[in-house]
file model08.txt (compact mmCIF, N, CA and C atoms)
# COMPACT_ATOMS: atom_id res chain seq x y z
N MET A 120 14.78 -14.13 -58.04
CA MET A 120 13.82 -13.96 -56.96
C MET A 120 14.59 -13.62 -55.68
N SER A 121 14.08 -12.69 -54.95
CA SER A 121 14.68 -12.24 -53.69
C SER A 121 14.50 -13.30 -52.60
N LYS A 122 15.44 -13.36 -51.68
CA LYS A 122 15.32 -14.30 -50.56
C LYS A 122 14.22 -13.89 -49.60
N ASP A 123 13.87 -12.60 -49.57
CA ASP A 123 12.84 -12.11 -48.66
C ASP A 123 11.44 -12.47 -49.11
N ARG A 124 11.27 -12.75 -50.37
CA ARG A 124 9.94 -13.03 -50.90
C ARG A 124 9.85 -14.49 -51.31
N PRO A 125 8.81 -15.17 -50.91
CA PRO A 125 8.67 -16.57 -51.28
C PRO A 125 8.31 -16.72 -52.75
N ALA A 126 8.72 -17.83 -53.32
CA ALA A 126 8.35 -18.14 -54.70
C ALA A 126 6.91 -18.62 -54.73
N ALA A 127 6.30 -18.54 -55.89
CA ALA A 127 4.91 -19.00 -56.03
C ALA A 127 4.83 -20.47 -55.63
N GLY A 128 3.85 -20.80 -54.79
CA GLY A 128 3.65 -22.17 -54.36
C GLY A 128 4.44 -22.58 -53.13
N ASP A 129 5.35 -21.72 -52.66
CA ASP A 129 6.09 -22.03 -51.44
C ASP A 129 5.15 -22.08 -50.24
N ARG A 130 5.46 -22.99 -49.33
CA ARG A 130 4.68 -23.09 -48.09
C ARG A 130 5.27 -22.11 -47.08
N ILE A 131 4.44 -21.25 -46.53
CA ILE A 131 4.89 -20.26 -45.57
C ILE A 131 4.38 -20.67 -44.20
N LYS A 132 5.32 -20.85 -43.28
CA LYS A 132 4.97 -21.29 -41.93
C LYS A 132 4.51 -20.09 -41.09
N ALA A 133 3.44 -20.30 -40.35
CA ALA A 133 2.93 -19.24 -39.47
C ALA A 133 3.87 -19.03 -38.29
N LYS A 134 4.02 -17.78 -37.90
CA LYS A 134 4.84 -17.47 -36.73
C LYS A 134 4.03 -17.79 -35.48
N PRO A 135 4.70 -18.25 -34.43
CA PRO A 135 3.98 -18.51 -33.18
C PRO A 135 3.43 -17.21 -32.60
N SER A 136 2.38 -17.32 -31.86
CA SER A 136 1.75 -16.16 -31.24
C SER A 136 2.71 -15.49 -30.26
N ALA A 137 2.85 -14.18 -30.41
CA ALA A 137 3.71 -13.43 -29.48
C ALA A 137 3.12 -13.45 -28.08
N LEU A 138 1.80 -13.41 -27.98
CA LEU A 138 1.15 -13.45 -26.67
C LEU A 138 1.52 -14.73 -25.93
N VAL A 139 1.46 -15.85 -26.63
CA VAL A 139 1.80 -17.14 -26.01
C VAL A 139 3.28 -17.17 -25.63
N GLN A 140 4.13 -16.70 -26.51
CA GLN A 140 5.57 -16.71 -26.21
C GLN A 140 5.89 -15.84 -25.00
N PHE A 141 5.35 -14.64 -24.97
CA PHE A 141 5.67 -13.70 -23.88
C PHE A 141 5.14 -14.21 -22.54
N THR A 142 3.87 -14.63 -22.52
CA THR A 142 3.26 -15.04 -21.25
C THR A 142 3.87 -16.34 -20.73
N SER A 143 4.15 -17.28 -21.61
CA SER A 143 4.74 -18.53 -21.13
C SER A 143 6.16 -18.30 -20.60
N THR A 144 6.88 -17.38 -21.20
CA THR A 144 8.22 -17.07 -20.71
C THR A 144 8.17 -16.43 -19.32
N VAL A 145 7.23 -15.51 -19.12
CA VAL A 145 7.11 -14.86 -17.81
C VAL A 145 6.75 -15.90 -16.75
N LEU A 146 5.81 -16.79 -17.04
CA LEU A 146 5.41 -17.80 -16.05
C LEU A 146 6.55 -18.76 -15.73
N ALA A 147 7.31 -19.17 -16.74
CA ALA A 147 8.43 -20.08 -16.49
C ALA A 147 9.51 -19.39 -15.65
N CYS A 148 9.78 -18.13 -15.92
CA CYS A 148 10.76 -17.39 -15.11
C CYS A 148 10.25 -17.18 -13.69
N GLU A 149 8.96 -16.95 -13.55
CA GLU A 149 8.38 -16.81 -12.21
C GLU A 149 8.53 -18.10 -11.41
N ALA A 150 8.42 -19.24 -12.08
CA ALA A 150 8.60 -20.52 -11.39
C ALA A 150 9.99 -20.61 -10.79
N VAL A 151 10.99 -20.15 -11.51
CA VAL A 151 12.36 -20.16 -11.00
C VAL A 151 12.48 -19.21 -9.80
N VAL A 152 11.87 -18.04 -9.90
CA VAL A 152 11.91 -17.07 -8.80
C VAL A 152 11.24 -17.66 -7.56
N VAL A 153 10.11 -18.33 -7.74
CA VAL A 153 9.41 -18.94 -6.61
C VAL A 153 10.28 -20.01 -5.96
N LEU A 154 11.01 -20.77 -6.76
CA LEU A 154 11.93 -21.76 -6.18
C LEU A 154 13.01 -21.10 -5.33
N PHE A 155 13.53 -19.96 -5.81
CA PHE A 155 14.54 -19.25 -5.02
C PHE A 155 13.93 -18.68 -3.75
N VAL A 156 12.71 -18.16 -3.83
CA VAL A 156 12.03 -17.65 -2.63
C VAL A 156 11.81 -18.80 -1.64
N THR A 157 11.47 -19.98 -2.16
CA THR A 157 11.28 -21.15 -1.32
C THR A 157 12.59 -21.53 -0.63
N LEU A 158 13.67 -21.46 -1.37
CA LEU A 158 14.98 -21.75 -0.80
C LEU A 158 15.32 -20.77 0.33
N VAL A 159 15.01 -19.51 0.13
CA VAL A 159 15.25 -18.50 1.17
C VAL A 159 14.37 -18.78 2.39
N ALA A 160 13.09 -19.08 2.15
CA ALA A 160 12.18 -19.39 3.27
C ALA A 160 12.67 -20.61 4.04
N PHE A 161 13.19 -21.60 3.32
CA PHE A 161 13.72 -22.81 3.96
C PHE A 161 14.94 -22.46 4.81
N GLY A 162 15.82 -21.63 4.29
CA GLY A 162 17.03 -21.27 5.02
C GLY A 162 16.76 -20.40 6.24
N LEU A 163 15.71 -19.60 6.17
CA LEU A 163 15.41 -18.67 7.27
C LEU A 163 14.51 -19.27 8.34
N ARG A 164 14.00 -20.47 8.14
CA ARG A 164 13.00 -21.00 9.06
C ARG A 164 13.52 -21.23 10.47
N ASP A 165 14.82 -21.45 10.64
CA ASP A 165 15.38 -21.70 11.98
C ASP A 165 16.06 -20.48 12.58
N LEU A 166 16.10 -19.37 11.86
CA LEU A 166 16.79 -18.18 12.35
C LEU A 166 15.83 -17.26 13.09
N ALA A 167 16.39 -16.49 13.99
CA ALA A 167 15.60 -15.49 14.71
C ALA A 167 15.52 -14.25 13.83
N TYR A 168 14.82 -14.39 12.74
CA TYR A 168 14.70 -13.34 11.74
C TYR A 168 13.24 -12.96 11.63
N GLU A 169 12.96 -11.69 11.47
CA GLU A 169 11.57 -11.25 11.35
C GLU A 169 11.04 -11.64 9.97
N ARG A 170 10.28 -12.71 9.97
CA ARG A 170 9.70 -13.18 8.72
C ARG A 170 8.30 -12.60 8.57
N GLY A 171 7.70 -12.88 7.44
CA GLY A 171 6.35 -12.39 7.19
C GLY A 171 5.33 -13.13 8.02
N PRO A 172 4.05 -12.78 7.84
CA PRO A 172 3.00 -13.41 8.64
C PRO A 172 2.80 -14.91 8.37
N LEU A 173 3.21 -15.37 7.21
CA LEU A 173 3.11 -16.81 6.93
C LEU A 173 4.45 -17.46 7.27
N GLN A 174 4.48 -18.18 8.37
CA GLN A 174 5.71 -18.81 8.82
C GLN A 174 5.47 -20.29 9.06
N SER A 175 6.49 -21.07 8.75
CA SER A 175 6.40 -22.49 9.06
C SER A 175 7.81 -22.99 9.39
N ASP A 176 7.91 -23.76 10.45
CA ASP A 176 9.19 -24.34 10.81
C ASP A 176 9.38 -25.72 10.17
N SER A 177 8.37 -26.17 9.45
CA SER A 177 8.44 -27.48 8.82
C SER A 177 9.01 -27.36 7.40
N ALA A 178 10.09 -28.10 7.16
CA ALA A 178 10.69 -28.09 5.83
C ALA A 178 9.73 -28.65 4.79
N ALA A 179 8.93 -29.65 5.19
CA ALA A 179 7.99 -30.25 4.24
C ALA A 179 6.93 -29.25 3.79
N VAL A 180 6.46 -28.42 4.72
CA VAL A 180 5.46 -27.41 4.37
C VAL A 180 6.07 -26.35 3.46
N VAL A 181 7.27 -25.89 3.80
CA VAL A 181 7.93 -24.85 3.01
C VAL A 181 8.14 -25.34 1.58
N TRP A 182 8.73 -26.54 1.42
CA TRP A 182 9.00 -27.07 0.08
C TRP A 182 7.73 -27.51 -0.62
N GLY A 183 6.75 -28.00 0.12
CA GLY A 183 5.50 -28.42 -0.49
C GLY A 183 4.75 -27.24 -1.10
N VAL A 184 4.64 -26.16 -0.34
CA VAL A 184 3.92 -24.98 -0.84
C VAL A 184 4.73 -24.30 -1.95
N GLY A 185 6.00 -24.05 -1.70
CA GLY A 185 6.83 -23.39 -2.71
C GLY A 185 6.97 -24.21 -3.98
N GLY A 186 7.23 -25.51 -3.81
CA GLY A 186 7.35 -26.38 -4.98
C GLY A 186 6.03 -26.51 -5.72
N GLY A 187 4.93 -26.54 -4.97
CA GLY A 187 3.62 -26.63 -5.60
C GLY A 187 3.31 -25.41 -6.44
N ILE A 188 3.63 -24.22 -5.92
CA ILE A 188 3.40 -23.00 -6.70
C ILE A 188 4.30 -22.98 -7.94
N ALA A 189 5.55 -23.39 -7.78
CA ALA A 189 6.47 -23.42 -8.93
C ALA A 189 5.98 -24.40 -9.99
N LEU A 190 5.54 -25.59 -9.56
CA LEU A 190 5.02 -26.56 -10.54
C LEU A 190 3.75 -26.05 -11.22
N LEU A 191 2.90 -25.38 -10.47
CA LEU A 191 1.70 -24.80 -11.05
C LEU A 191 2.06 -23.76 -12.12
N LEU A 192 3.04 -22.92 -11.82
CA LEU A 192 3.47 -21.92 -12.79
C LEU A 192 4.05 -22.56 -14.05
N LEU A 193 4.82 -23.63 -13.88
CA LEU A 193 5.36 -24.32 -15.05
C LEU A 193 4.24 -24.95 -15.88
N LEU A 194 3.27 -25.54 -15.22
CA LEU A 194 2.12 -26.12 -15.93
C LEU A 194 1.36 -25.03 -16.68
N LEU A 195 1.11 -23.92 -16.01
CA LEU A 195 0.38 -22.83 -16.65
C LEU A 195 1.15 -22.23 -17.81
N SER A 196 2.47 -22.28 -17.75
CA SER A 196 3.26 -21.74 -18.87
C SER A 196 3.02 -22.53 -20.15
N ARG A 197 2.62 -23.78 -20.02
CA ARG A 197 2.31 -24.60 -21.21
C ARG A 197 0.85 -24.45 -21.64
N LEU A 198 0.02 -23.84 -20.81
CA LEU A 198 -1.40 -23.72 -21.12
C LEU A 198 -1.79 -22.34 -21.63
N THR A 199 -0.82 -21.48 -21.90
CA THR A 199 -1.15 -20.12 -22.31
C THR A 199 -1.67 -20.03 -23.74
N ARG A 200 -1.73 -21.15 -24.45
CA ARG A 200 -2.30 -21.15 -25.80
C ARG A 200 -3.81 -20.96 -25.78
N ARG A 201 -4.41 -21.24 -24.64
CA ARG A 201 -5.87 -21.14 -24.50
C ARG A 201 -6.23 -19.94 -23.63
N PRO A 202 -7.38 -19.33 -23.89
CA PRO A 202 -7.81 -18.20 -23.06
C PRO A 202 -7.91 -18.56 -21.58
N ALA A 203 -8.36 -19.77 -21.27
CA ALA A 203 -8.46 -20.19 -19.87
C ALA A 203 -7.07 -20.23 -19.22
N GLY A 204 -6.05 -20.58 -19.98
CA GLY A 204 -4.68 -20.59 -19.46
C GLY A 204 -4.20 -19.20 -19.10
N LEU A 205 -4.61 -18.20 -19.92
CA LEU A 205 -4.24 -16.82 -19.62
C LEU A 205 -4.95 -16.32 -18.36
N VAL A 206 -6.22 -16.70 -18.22
CA VAL A 206 -6.96 -16.32 -17.02
C VAL A 206 -6.34 -16.98 -15.79
N ALA A 207 -6.01 -18.25 -15.89
CA ALA A 207 -5.39 -18.96 -14.77
C ALA A 207 -4.02 -18.36 -14.45
N GLY A 208 -3.27 -17.97 -15.48
CA GLY A 208 -1.98 -17.32 -15.25
C GLY A 208 -2.13 -15.99 -14.53
N THR A 209 -3.19 -15.27 -14.88
CA THR A 209 -3.46 -14.00 -14.20
C THR A 209 -3.81 -14.25 -12.73
N MET A 210 -4.61 -15.27 -12.47
CA MET A 210 -4.95 -15.60 -11.08
C MET A 210 -3.73 -16.10 -10.31
N ALA A 211 -2.81 -16.77 -11.01
CA ALA A 211 -1.60 -17.27 -10.35
C ALA A 211 -0.71 -16.13 -9.87
N GLN A 212 -0.88 -14.95 -10.43
CA GLN A 212 -0.08 -13.81 -9.98
C GLN A 212 -0.38 -13.49 -8.52
N VAL A 213 -1.59 -13.79 -8.07
CA VAL A 213 -1.94 -13.59 -6.66
C VAL A 213 -1.11 -14.54 -5.79
N LEU A 214 -0.94 -15.79 -6.24
CA LEU A 214 -0.10 -16.73 -5.48
C LEU A 214 1.35 -16.27 -5.44
N VAL A 215 1.81 -15.73 -6.56
CA VAL A 215 3.19 -15.24 -6.60
C VAL A 215 3.36 -14.10 -5.61
N LEU A 216 2.40 -13.19 -5.57
CA LEU A 216 2.47 -12.09 -4.61
C LEU A 216 2.37 -12.61 -3.17
N ALA A 217 1.62 -13.68 -2.97
CA ALA A 217 1.45 -14.24 -1.62
C ALA A 217 2.75 -14.80 -1.07
N THR A 218 3.70 -15.18 -1.93
CA THR A 218 4.98 -15.67 -1.42
C THR A 218 5.71 -14.58 -0.64
N GLY A 219 5.35 -13.33 -0.90
CA GLY A 219 5.92 -12.22 -0.15
C GLY A 219 5.48 -12.22 1.31
N LEU A 220 4.42 -12.97 1.64
CA LEU A 220 4.00 -13.07 3.04
C LEU A 220 4.94 -13.97 3.83
N ALA A 221 5.65 -14.85 3.14
CA ALA A 221 6.62 -15.71 3.82
C ALA A 221 8.01 -15.06 3.84
N VAL A 222 8.37 -14.40 2.75
CA VAL A 222 9.66 -13.71 2.63
C VAL A 222 9.34 -12.29 2.15
N PRO A 223 9.23 -11.34 3.06
CA PRO A 223 8.78 -9.99 2.70
C PRO A 223 9.58 -9.31 1.59
N LEU A 224 10.89 -9.51 1.54
CA LEU A 224 11.68 -8.86 0.50
C LEU A 224 11.38 -9.42 -0.89
N ALA A 225 10.79 -10.59 -0.96
CA ALA A 225 10.43 -11.16 -2.26
C ALA A 225 9.32 -10.37 -2.92
N THR A 226 8.60 -9.57 -2.17
CA THR A 226 7.51 -8.78 -2.73
C THR A 226 8.00 -7.84 -3.82
N ILE A 227 9.19 -7.31 -3.66
CA ILE A 227 9.75 -6.40 -4.67
C ILE A 227 9.92 -7.13 -6.00
N VAL A 228 10.54 -8.29 -5.97
CA VAL A 228 10.74 -9.08 -7.20
C VAL A 228 9.40 -9.55 -7.75
N ASN A 229 8.50 -9.93 -6.86
CA ASN A 229 7.18 -10.40 -7.30
C ASN A 229 6.42 -9.30 -8.01
N LEU A 230 6.50 -8.08 -7.51
CA LEU A 230 5.83 -6.96 -8.17
C LEU A 230 6.41 -6.70 -9.56
N VAL A 231 7.71 -6.88 -9.69
CA VAL A 231 8.33 -6.74 -11.02
C VAL A 231 7.76 -7.78 -11.98
N PHE A 232 7.61 -9.02 -11.50
CA PHE A 232 7.08 -10.06 -12.37
C PHE A 232 5.60 -9.88 -12.68
N VAL A 233 4.84 -9.33 -11.76
CA VAL A 233 3.44 -9.03 -12.05
C VAL A 233 3.39 -7.94 -13.14
N ALA A 234 4.25 -6.95 -13.05
CA ALA A 234 4.31 -5.92 -14.09
C ALA A 234 4.72 -6.53 -15.43
N LEU A 235 5.68 -7.47 -15.41
CA LEU A 235 6.07 -8.16 -16.65
C LEU A 235 4.90 -8.95 -17.23
N TRP A 236 4.09 -9.56 -16.36
CA TRP A 236 2.92 -10.32 -16.82
C TRP A 236 1.94 -9.39 -17.54
N VAL A 237 1.68 -8.24 -16.94
CA VAL A 237 0.75 -7.28 -17.56
C VAL A 237 1.31 -6.80 -18.90
N MET A 238 2.60 -6.51 -18.94
CA MET A 238 3.21 -6.08 -20.20
C MET A 238 3.20 -7.20 -21.24
N ALA A 239 3.41 -8.44 -20.82
CA ALA A 239 3.37 -9.56 -21.76
C ALA A 239 1.97 -9.70 -22.37
N LEU A 240 0.95 -9.52 -21.56
CA LEU A 240 -0.43 -9.58 -22.07
C LEU A 240 -0.68 -8.45 -23.06
N ARG A 241 -0.29 -7.24 -22.71
CA ARG A 241 -0.57 -6.09 -23.58
C ARG A 241 0.27 -6.12 -24.85
N LEU A 242 1.58 -6.30 -24.71
CA LEU A 242 2.45 -6.24 -25.89
C LEU A 242 2.28 -7.47 -26.78
N GLY A 243 2.07 -8.63 -26.17
CA GLY A 243 1.84 -9.83 -26.99
C GLY A 243 0.60 -9.70 -27.84
N SER A 244 -0.47 -9.17 -27.26
CA SER A 244 -1.70 -8.95 -28.03
C SER A 244 -1.47 -7.93 -29.14
N ARG A 245 -0.73 -6.89 -28.82
CA ARG A 245 -0.46 -5.86 -29.83
C ARG A 245 0.35 -6.42 -31.00
N VAL A 246 1.39 -7.18 -30.70
CA VAL A 246 2.22 -7.77 -31.76
C VAL A 246 1.37 -8.70 -32.63
N ASP A 247 0.53 -9.50 -32.01
CA ASP A 247 -0.33 -10.41 -32.78
C ASP A 247 -1.29 -9.64 -33.68
N ARG A 248 -1.87 -8.55 -33.16
CA ARG A 248 -2.77 -7.72 -33.99
C ARG A 248 -2.02 -7.10 -35.16
N GLU A 249 -0.81 -6.59 -34.90
CA GLU A 249 -0.03 -5.96 -35.98
C GLU A 249 0.40 -6.99 -37.02
N ARG A 250 0.74 -8.21 -36.58
CA ARG A 250 1.07 -9.26 -37.56
C ARG A 250 -0.13 -9.60 -38.43
N ALA A 251 -1.31 -9.70 -37.80
CA ALA A 251 -2.52 -10.02 -38.56
C ALA A 251 -2.84 -8.91 -39.55
N ALA A 252 -2.66 -7.64 -39.15
CA ALA A 252 -2.92 -6.53 -40.06
C ALA A 252 -1.92 -6.54 -41.23
N TYR A 253 -0.67 -6.84 -40.94
CA TYR A 253 0.33 -6.92 -42.00
C TYR A 253 0.00 -8.06 -42.98
N ASP A 254 -0.36 -9.22 -42.43
CA ASP A 254 -0.70 -10.35 -43.29
C ASP A 254 -1.92 -10.06 -44.16
N ALA A 255 -2.86 -9.28 -43.62
CA ALA A 255 -4.06 -8.94 -44.40
C ALA A 255 -3.71 -8.02 -45.57
N THR A 256 -2.73 -7.14 -45.37
CA THR A 256 -2.36 -6.21 -46.45
C THR A 256 -1.30 -6.78 -47.38
N HIS A 257 -0.67 -7.86 -46.98
CA HIS A 257 0.37 -8.51 -47.80
C HIS A 257 0.07 -10.01 -47.92
N PRO A 258 -0.99 -10.38 -48.63
CA PRO A 258 -1.39 -11.80 -48.68
C PRO A 258 -0.34 -12.70 -49.33
N GLU A 259 0.54 -12.15 -50.16
CA GLU A 259 1.56 -12.99 -50.81
C GLU A 259 2.60 -13.50 -49.83
N THR A 260 2.75 -12.85 -48.69
CA THR A 260 3.71 -13.30 -47.68
C THR A 260 3.03 -13.82 -46.44
N ALA A 261 1.69 -13.91 -46.47
CA ALA A 261 0.94 -14.41 -45.31
C ALA A 261 1.10 -15.92 -45.19
N PRO A 262 1.05 -16.45 -43.97
CA PRO A 262 1.15 -17.90 -43.79
C PRO A 262 0.02 -18.63 -44.51
N ASN A 263 0.33 -19.82 -44.99
CA ASN A 263 -0.69 -20.65 -45.64
C ASN A 263 -1.61 -21.22 -44.58
N SER A 264 -2.84 -21.36 -44.89
CA SER A 264 -3.80 -21.94 -43.94
C SER A 264 -3.83 -23.43 -44.05

call {"tool": "encode", "arguments": {"input": "model08.txt", "output": "structure tokens"}}
result
Amino acid sequence: MSKDRPAAGDRIKAKPSALVQFTSTVLACEAVVVLFVTLVAFGLRDLAYERGPLQSDSAAVVWGVGGGIALLLLLLSRLTRRPAGLVAGTMAQVLVLATGLAVPLATIVNLVFVALWVMALRLGSRVDRERAAYDATHPETAPNS
């Protein structure tokens, strides 16, 4: 018997959803980016630097807002198994873009991550559909229910 093909009666474990893997990875990476943007906003708060329209000289406000968004993104990265988690993750992209109002150069990185989010949604769904189609045509290698 080939190693690629399971023997009769073998238990075949289902692969995790590509959509969940891709979207949770993007959200977790965005949380790290938001922390770095928060660090930049904290460092620039006392400088005579042209910041964005959202400015605060309070370290507590800077870390509270930045840390809150980062924690929200980490929480949402664990909730992408449910459709509501994907919707919330999509809405969180607005918050990620809003960090560019405090640190304007962060908008470039934020736009890259929004594009990654859209690609994670599209490609993850596609991979899951293709896996399901393959499993339907090859029931001997499909995961056990």

call {"tool": "residues_around", "arguments": {"input": "model08.txt", "residues": "segment 152-154 of chain A", "least_positions_apart": "5", "cutoff": "7 Å", "atoms": "only N, CA and C atoms", "output": "PyMOL selection string"}}
result
chain A and resi 147+159+185-186+188-189

call {"tool": "write_last_selection", "arguments": {"input": "model08.txt", "atoms": "N, CA and C atoms", "output": "compact mmCIF listing (two decimals), in the coordinates of the input"}}
result
# COMPACT_ATOMS: atom_id res chain seq x y z
N ALA A 147 7.31 -19.17 -16.74
CA ALA A 147 8.43 -20.08 -16.49
C ALA A 147 9.51 -19.39 -15.65
N VAL A 159 15.01 -19.51 0.13
CA VAL A 159 15.25 -18.50 1.17
C VAL A 159 14.37 -18.78 2.39
N GLY A 185 6.00 -24.05 -1.70
CA GLY A 185 6.83 -23.39 -2.71
C GLY A 185 6.97 -24.21 -3.98
N GLY A 186 7.23 -25.51 -3.81
CA GLY A 186 7.35 -26.38 -4.98
C GLY A 186 6.03 -26.51 -5.72
N ILE A 188 3.63 -24.22 -5.92
CA ILE A 188 3.40 -23.00 -6.70
C ILE A 188 4.30 -22.98 -7.94
N ALA A 189 5.55 -23.39 -7.78
CA ALA A 189 6.47 -23.42 -8.93
C ALA A 189 5.98 -24.40 -9.99

call {"tool": "residues_around", "arguments": {"input": "model08.txt", "residues": "segment 216-220 of chain A", "least_positions_apart": "2", "cutoff": "8 Å", "atoms": "all atoms listed in the file", "output": "ChimeraX atom specification"}}
result
/A:153,156-157,170-174,211-214,222-227,229-230,233

call {"tool": "atom_distance", "arguments": {"input": "model08.txt", "atom1": "atom N of Val139 of chain A", "atom2": "atom C of Ala255 of chain A"}}
result
21.1 Å

call {"tool": "atom_distance", "arguments": {"input": "model08.txt", "atom1": "atom C of Gly243 of chain A", "atom2": "atom CA of Thr142 of chain A"}}
result
8.9 Å

call {"tool": "closest_residue", "arguments": {"input": "model08.txt", "among": "A:Asp165, A:Leu146, A:Ala234, A:Arg241", "to": "Leu195 of chain A", "atoms": "only N, CA and C atoms"}}
result
A:Leu146

call {"tool": "axis_aligned_box", "arguments": {"input": "model08.txt", "around": "segment 224-241 of chain A", "padding_each_side": "6 Å", "output": "lines of an AutoDock Vina configuration file"}}
result
center_x = 5.5
center_y = -8.5
center_z = -11.7
size_x = 24.4
size_y = 17.2
size_z = 38.4

call {"tool": "atom_distance", "arguments": {"input": "model08.txt", "atom1": "atom C of Arg245 of chain A", "atom2": "atom CA of Phe141 of chain A"}}
result
11.5 Å

call {"tool": "closest_residue", "arguments": {"input": "model08.txt", "among": "A:Gly187, A:Val215, A:Asp247, A:Leu240", "to": "Val228 of chain A", "atoms": "only C-alpha atoms"}}
result
A:Val215

call {"tool": "select_by_dssp", "arguments": {"input": "model08.txt", "residues": "chain A", "states": "alpha helix (DSSP H)", "output": "ChimeraX atom specification"}}
result
/A:137-163,178-197,202-217,225-256

call {"tool": "build_atoms", "arguments": {"input": "model08.txt", "residues": "segment 146-157 of chain A", "atoms": "N, CA, C and O atoms", "output": "PDB file, keeping the file's coordinate frame"}}
result
ATOM      1  N   LEU A 146       5.810 -16.790 -17.040  1.00  0.00           N
ATOM      2  CA  LEU A 146       5.410 -17.800 -16.050  1.00  0.00           C
ATOM      3  C   LEU A 146       6.550 -18.760 -15.730  1.00  0.00           C
ATOM      4  O   LEU A 146       6.743 -19.130 -14.564  1.00  0.00           O
ATOM      5  N   ALA A 147       7.310 -19.170 -16.740  1.00  0.00           N
ATOM      6  CA  ALA A 147       8.430 -20.080 -16.490  1.00  0.00           C
ATOM      7  C   ALA A 147       9.510 -19.390 -15.650  1.00  0.00           C
ATOM      8  O   ALA A 147      10.075 -20.007 -14.731  1.00  0.00           O
ATOM      9  N   CYS A 148       9.780 -18.130 -15.920  1.00  0.00           N
ATOM     10  CA  CYS A 148      10.760 -17.390 -15.110  1.00  0.00           C
ATOM     11  C   CYS A 148      10.250 -17.180 -13.690  1.00  0.00           C
ATOM     12  O   CYS A 148      11.031 -17.244 -12.734  1.00  0.00           O
ATOM     13  N   GLU A 149       8.960 -16.950 -13.550  1.00  0.00           N
ATOM     14  CA  GLU A 149       8.380 -16.810 -12.210  1.00  0.00           C
ATOM     15  C   GLU A 149       8.530 -18.100 -11.410  1.00  0.00           C
ATOM     16  O   GLU A 149       8.737 -18.050 -10.196  1.00  0.00           O
ATOM     17  N   ALA A 150       8.420 -19.240 -12.080  1.00  0.00           N
ATOM     18  CA  ALA A 150       8.600 -20.520 -11.390  1.00  0.00           C
ATOM     19  C   ALA A 150       9.990 -20.610 -10.790  1.00  0.00           C
ATOM     20  O   ALA A 150      10.159 -21.075  -9.646  1.00  0.00           O
ATOM     21  N   VAL A 151      10.990 -20.150 -11.510  1.00  0.00           N
ATOM     22  CA  VAL A 151      12.360 -20.160 -11.000  1.00  0.00           C
ATOM     23  C   VAL A 151      12.480 -19.210  -9.800  1.00  0.00           C
ATOM     24  O   VAL A 151      13.092 -19.551  -8.778  1.00  0.00           O
ATOM     25  N   VAL A 152      11.870 -18.040  -9.900  1.00  0.00           N
ATOM     26  CA  VAL A 152      11.910 -17.070  -8.800  1.00  0.00           C
ATOM     27  C   VAL A 152      11.240 -17.660  -7.560  1.00  0.00           C
ATOM     28  O   VAL A 152      11.747 -17.528  -6.447  1.00  0.00           O
ATOM     29  N   VAL A 153      10.110 -18.330  -7.740  1.00  0.00           N
ATOM     30  CA  VAL A 153       9.410 -18.940  -6.610  1.00  0.00           C
ATOM     31  C   VAL A 153      10.280 -20.010  -5.960  1.00  0.00           C
ATOM     32  O   VAL A 153      10.304 -20.151  -4.732  1.00  0.00           O
ATOM     33  N   LEU A 154      11.010 -20.770  -6.760  1.00  0.00           N
ATOM     34  CA  LEU A 154      11.930 -21.760  -6.180  1.00  0.00           C
ATOM     35  C   LEU A 154      13.010 -21.100  -5.330  1.00  0.00           C
ATOM     36  O   LEU A 154      13.360 -21.590  -4.266  1.00  0.00           O
ATOM     37  N   PHE A 155      13.530 -19.960  -5.810  1.00  0.00           N
ATOM     38  CA  PHE A 155      14.540 -19.250  -5.020  1.00  0.00           C
ATOM     39  C   PHE A 155      13.930 -18.680  -3.750  1.00  0.00           C
ATOM     40  O   PHE A 155      14.573 -18.696  -2.687  1.00  0.00           O
ATOM     41  N   VAL A 156      12.710 -18.160  -3.830  1.00  0.00           N
ATOM     42  CA  VAL A 156      12.030 -17.650  -2.630  1.00  0.00           C
ATOM     43  C   VAL A 156      11.810 -18.800  -1.640  1.00  0.00           C
ATOM     44  O   VAL A 156      11.968 -18.644  -0.430  1.00  0.00           O
ATOM     45  N   THR A 157      11.470 -19.980  -2.160  1.00  0.00           N
ATOM     46  CA  THR A 157      11.280 -21.150  -1.320  1.00  0.00           C
ATOM     47  C   THR A 157      12.590 -21.530  -0.630  1.00  0.00           C
ATOM     48  O   THR A 157      12.610 -21.864   0.562  1.00  0.00           O
TER      49      THR A 157
END
